[in-house]
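Asks: Here it is: the structure, laid out below.
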There are 2 protein chains.
Amino acid sequence: MESERETLQVWKERVEQELDRVVAFWVEHSHDQEHGGFFTCLGHDGKVFDDLKYVWLQARQVWMYCRLYRHFQRFHQSQLLDSAKAGGEFLLRCARVAPPGKKCAFVLTRDGRPGKVQRTIFSECFYTMAMNELWRVTGEVRYQNEAVGMMDEIVHWVREDPSGLGQPQLSGAPAAEPMAVPMMLLHLVQQLSEDNAELAGKYAELEDWCAHRILQHVQRDGQVVLENVSVDGKELPGCLGRHQNPGHALEAGWFLLRYASRKEDPKLRAHIIDKFLLLPFHSGWDEEYGGLFYFKDADGLCPTQFRDSERGEWFGYLNREGKVALTIKGGPFKGCFHVPRCLAMCEKMLGSLLSRVATDPDPSCSPSSAPVRRGAK
Amino acid sequence: MESERETLQVWKERVEQELDRVVAFWVEHSHDQEHGGFFTCLGHDGKVFDDLKYVWLQARQVWMYCRLYRHFQRFHQSQLLDSAKAGGEFLLRCARVAPPGKKCAFVLTRDGRPGKVQRTIFSECFYTMAMNELWRVTGEVRYQNEAVGMMDEIVHWVREDPSGLGQPQLSGAPAAEPMAVPMMLLHLVQQLSEDNAELAGKYAELEDWCAHRILQHVQRDGQVVLENVSVDGKELPGCLGRHQNPGHALEAGWFLLRYASRKEDPKLRAHIIDKFLLLPFHSGWDEEYGGLFYFKDADGLCPTQFRDSERGEWFGYLNREGKVALTIKGGPFKGCFHVPRCLAMCEKMLGSLLSRVATDPDPSCSPSSAPVRRGAK
């Protein structure tokens, strides 16, 4: 028991220090004092190598800062809040390509002019996340109006009429659903519903729909999780249909576990752990070098994901042997988000586990048998 | 002299064999007997891993087969011609998204339905190349009408009105010219003008314009060749502006050398050799592992070219140490084109050099001092 607690404590301290360092990196190097918003294209030394501002990364950083501000005492500083608000103002002023229309740019110039538009929902989704967090930390209703207004438009695009996204309708285009879409929507529902019974009720049916759609990505009799399936839940042909992203499946598992908790459905929970955690983790693990493969092909063929993915390819950050292939710490697709988010979660979970170990003197009751608690995130 | 000839002969035979093997691979595995056109997504063993048909690769293969048919006795077989014509018919029937409009699809389903459209000119450019070659080998004027009609539309898009390409006009989009555009146009002019004084005259001004635009990509006082410059020939900021592709600069040098030959301009020729051959070759060479870097950053920063390039990223085929990172031999962006084209050229050039060595008994007259002859390509 004591050594268990010691281990947890050591890990918790390590995670805390890492989180401090990661946040300090972004605080020191990324704030654009002149135009607002954040630089995310940072080299290993924090130097800005491009001043383009990717909307989803802007929004993610605002979200991250707000989360840290409200969940961690040591991050509950006005400086961090001010930076988040400045980022929020930059988004409010510049993210939309043609206000009052809600479509956001994919990327903006440093001073906020739109450079490119992606015909997907992701910039808008993270915009929604950021606005909701800003409302939670400031209490200012205008942020929440932005969040809910954008959410409703996204739901309209996904479930009623995608024409606002501008995707062309070609006869040979595969009618495919990328798992990212219902995942992102589920994540948004969970964000907006937190401590908000009204919105939880409003989005209850949507939540069920998202979970159902994600679950359809389990294919081949439960043997694989596929990134893309047909709109009626069947496997697709070709590279597109065989494409797998183990990490993405794990993330889907996380969102689904929160859902299963809320629904108090242990059978569903067991299925999710099996198919979205254990299965992708084992099949995605590189036995030779360790680590998770970024992309896989369900038939073991060679993945061709070095191009043209709407979400951007991250292939190449580390090569297979784990050598750092690219020295950037932030870029067009990597900002202040996943790493600090993960560390923050780990810190909270370790804290939770530690307090459970401290209060429960019964050595037969190990933390792993405790029910999954819905964490602070 | 004798050993020089022997060396050339050995290399020529080696290249011939390689060319035979490469062509045999595509002939054996890529022909779609049912629907016409070619499979380019082939694994290392030739097995089709996706039946999507990328228009520019279809066209490149038609072009390649026609070239081989008319330039090499051993490839002057009706089977190869028939395959080229079948590929041509597939393009005529399916390449255009909405005939009589000329915009082509980027990718088609196996049976020819459009899956995706790229808002660039490259599918249309290779379509033009293919049609011109088909005219040259069959004599059928309808192919040439296709070629010239498509060429004129491309020129209209590039030099008069790009709205037909569907690129959005955003205030923050960089007014950039990728070197690929004038390069491709110059290549088309050279293709269409071969043994055709009428078209050579028609495209003379365009040819000069293309050469001038390509030459503007030499920047920083002649120190670098940049992939993207502003429309008025200045360096651009950010990753985009610093982006370099050594291999592409070399290819531009090849096209420009042909141009300089035609213009009989030795000063220009010297400049091209210096800036588009020697400079990129040396600055693009990996001193540690050998080989040319695919992408570089003009300030030595980390290239971010693992995404979103209109031409597709080839990053990852070989990792830096030269290990094969991907086992595919054909894919969405690699077809029956560059490798056989290169081998075919080498074979011709070696043959040329050999005949010069055979006929010239003067040992002091080495082949390297002979004037650059415009080769069969």
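Residue names in the structure tokens use chain letters A, B, ... in the order shown, residue numbers from 1 in each chain, and ligand numbers from 1 in the order shown.
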Fewer than 5 positions away in the same chain doesn't count, so skip those; otherwise give me all residues within 8 Å of Trp63 in chain A, counting only C-alpha atoms, as a PyMOL selection string.

Replies: chain A and resi 84+129-131+133-134

Asks: Compile the contact shell of range 121-127 of chain A as a VMD selection string: residues with an atom at most 9 Å away, counting only C-alpha atoms, same-chain residues fewer than 3 positions apart removed.

Replies: chain A and resid 54 to 60 63 88 91 95 to 96 102 to 106 118 130 to 132 146 to 147 150 to 151 154 157 to 158 165 181 184 to 185 188 311

Asks: Within 10 Å of Arg213 in chain A, counting only C-alpha atoms, which residues qualify if same-chain residues fewer than 6 places away don't, as a ChimeraX atom specification?

Replies: /A:177-179,181-183,207,229,231-233

Asks: So the first atom is CA of Val62 in chain A and the second is CA of Gln190 in chain A; what is the distance between them in Å, to one decimal place?

Replies: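 These atoms are spaced 17.6 Å apart.
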
Asks: If you run DSSP over the backbone, which residues in range 208-283 of chain B end up strand (DSSP E)? Put them as a PyMOL selection string.

Replies: chain B and resi 218-219+224-225+228-230+243-244

Asks: How would the residues just picked look written out with all heavy atoms as a PDB file, in the first residue's frame?

Replies:
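Output saved as result-v8.pdb:
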```pdb
ATOM      1  N   VAL B 218      14.728  32.181 -58.501  1.00  0.00           N
ATOM      2  CA  VAL B 218      16.072  32.338 -57.945  1.00  0.00           C
ATOM      3  C   VAL B 218      16.045  33.602 -57.102  1.00  0.00           C
ATOM      4  O   VAL B 218      15.692  34.670 -57.590  1.00  0.00           O
ATOM      5  CB  VAL B 218      17.127  32.481 -59.060  1.00  0.00           C
ATOM      6  CG1 VAL B 218      18.523  32.663 -58.439  1.00  0.00           C
ATOM      7  CG2 VAL B 218      17.107  31.274 -59.970  1.00  0.00           C
ATOM      8  N   GLN B 219      16.358  33.478 -55.832  1.00  0.00           N
ATOM      9  CA  GLN B 219      16.217  34.603 -54.901  1.00  0.00           C
ATOM     10  C   GLN B 219      17.481  34.791 -54.074  1.00  0.00           C
ATOM     11  O   GLN B 219      18.448  34.030 -54.199  1.00  0.00           O
ATOM     12  CB  GLN B 219      15.008  34.345 -53.990  1.00  0.00           C
ATOM     13  CG  GLN B 219      13.662  34.431 -54.710  1.00  0.00           C
ATOM     14  CD  GLN B 219      13.239  35.859 -54.993  1.00  0.00           C
ATOM     15  OE1 GLN B 219      13.593  36.774 -54.247  1.00  0.00           O
ATOM     16  NE2 GLN B 219      12.486  36.066 -56.066  1.00  0.00           N
ATOM     17  N   VAL B 224      19.562  31.042 -53.598  1.00  0.00           N
ATOM     18  CA  VAL B 224      18.590  29.967 -53.376  1.00  0.00           C
ATOM     19  C   VAL B 224      17.583  29.893 -54.514  1.00  0.00           C
ATOM     20  O   VAL B 224      17.326  30.890 -55.194  1.00  0.00           O
ATOM     21  CB  VAL B 224      17.772  30.183 -52.065  1.00  0.00           C
ATOM     22  CG1 VAL B 224      18.663  30.088 -50.850  1.00  0.00           C
ATOM     23  CG2 VAL B 224      16.996  31.490 -52.096  1.00  0.00           C
ATOM     24  N   VAL B 225      17.007  28.699 -54.681  1.00  0.00           N
ATOM     25  CA  VAL B 225      15.826  28.556 -55.533  1.00  0.00           C
ATOM     26  C   VAL B 225      14.651  28.255 -54.606  1.00  0.00           C
ATOM     27  O   VAL B 225      14.717  27.309 -53.820  1.00  0.00           O
ATOM     28  CB  VAL B 225      15.980  27.411 -56.560  1.00  0.00           C
ATOM     29  CG1 VAL B 225      14.698  27.261 -57.376  1.00  0.00           C
ATOM     30  CG2 VAL B 225      17.166  27.670 -57.470  1.00  0.00           C
ATOM     31  N   ASN B 228       8.129  28.874 -53.967  1.00  0.00           N
ATOM     32  CA  ASN B 228       7.034  29.848 -54.043  1.00  0.00           C
ATOM     33  C   ASN B 228       7.586  31.269 -53.925  1.00  0.00           C
ATOM     34  O   ASN B 228       8.333  31.561 -53.003  1.00  0.00           O
ATOM     35  CB  ASN B 228       6.056  29.623 -52.883  1.00  0.00           C
ATOM     36  CG  ASN B 228       5.508  28.200 -52.858  1.00  0.00           C
ATOM     37  OD1 ASN B 228       4.748  27.810 -53.727  1.00  0.00           O
ATOM     38  ND2 ASN B 228       5.925  27.434 -51.868  1.00  0.00           N
ATOM     39  N   VAL B 229       7.206  32.105 -54.883  1.00  0.00           N
ATOM     40  CA  VAL B 229       7.538  33.527 -54.781  1.00  0.00           C
ATOM     41  C   VAL B 229       6.259  34.320 -55.006  1.00  0.00           C
ATOM     42  O   VAL B 229       5.238  33.773 -55.430  1.00  0.00           O
ATOM     43  CB  VAL B 229       8.629  33.955 -55.797  1.00  0.00           C
ATOM     44  CG1 VAL B 229       9.950  33.286 -55.487  1.00  0.00           C
ATOM     45  CG2 VAL B 229       8.195  33.680 -57.223  1.00  0.00           C
ATOM     46  N   SER B 230       6.323  35.608 -54.723  1.00  0.00           N
ATOM     47  CA  SER B 230       5.147  36.448 -54.952  1.00  0.00           C
ATOM     48  C   SER B 230       4.931  36.592 -56.462  1.00  0.00           C
ATOM     49  O   SER B 230       5.824  36.300 -57.255  1.00  0.00           O
ATOM     50  CB  SER B 230       5.354  37.829 -54.329  1.00  0.00           C
ATOM     51  OG  SER B 230       6.309  38.552 -55.077  1.00  0.00           O
ATOM     52  N   HIS B 243      10.169  27.562 -48.438  1.00  0.00           N
ATOM     53  CA  HIS B 243      10.094  26.179 -48.891  1.00  0.00           C
ATOM     54  C   HIS B 243      10.940  25.917 -50.131  1.00  0.00           C
ATOM     55  O   HIS B 243      10.864  26.656 -51.112  1.00  0.00           O
ATOM     56  CB  HIS B 243       8.629  25.826 -49.170  1.00  0.00           C
ATOM     57  CG  HIS B 243       8.420  24.423 -49.632  1.00  0.00           C
ATOM     58  ND1 HIS B 243       8.967  23.345 -48.971  1.00  0.00           N
ATOM     59  CD2 HIS B 243       7.741  23.911 -50.693  1.00  0.00           C
ATOM     60  CE1 HIS B 243       8.616  22.230 -49.613  1.00  0.00           C
ATOM     61  NE2 HIS B 243       7.878  22.548 -50.652  1.00  0.00           N
ATOM     62  N   GLN B 244      11.726  24.867 -50.054  1.00  0.00           N
ATOM     63  CA  GLN B 244      12.551  24.488 -51.199  1.00  0.00           C
ATOM     64  C   GLN B 244      12.365  23.011 -51.520  1.00  0.00           C
ATOM     65  O   GLN B 244      12.164  22.193 -50.625  1.00  0.00           O
ATOM     66  CB  GLN B 244      14.035  24.705 -50.863  1.00  0.00           C
ATOM     67  CG  GLN B 244      14.424  26.143 -50.615  1.00  0.00           C
ATOM     68  CD  GLN B 244      15.901  26.235 -50.298  1.00  0.00           C
ATOM     69  OE1 GLN B 244      16.332  25.821 -49.224  1.00  0.00           O
ATOM     70  NE2 GLN B 244      16.667  26.778 -51.215  1.00  0.00           N
TER      71      GLN B 244
END
```

Asks: In Å, with one decimal, what is the gap from CA of Arg269 in chain A to CA of Leu257 in chain A?

Replies: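 That distance, rounded to one decimal, is 6.1 Å.
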
Asks: Quick one: residues within 9 Å of Tyr203 in chain B, only C-alpha atoms counted, chain neighbours fewer than 5 positions away excluded, as a PyMOL selection string?

Replies: chain B and resi 189+192-193+198+208

Asks: Record the distance separating CA of Leu42 in chain B and CA of Leu108 in chain B, expressed in Å with one decimal.

Replies: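 These atoms are spaced 16.2 Å apart.
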
Asks: Using backbone DSSP assignments, extract all helix (DSSP H, G or I) residues from range 48-293 of chain B; output them as an MDAnalysis selection string.

Replies: chainID B and resid 55:71 73:75 78:94 122:138 141:159 162:165 180:193 197:202 204:215 238:242 246:262 266:284
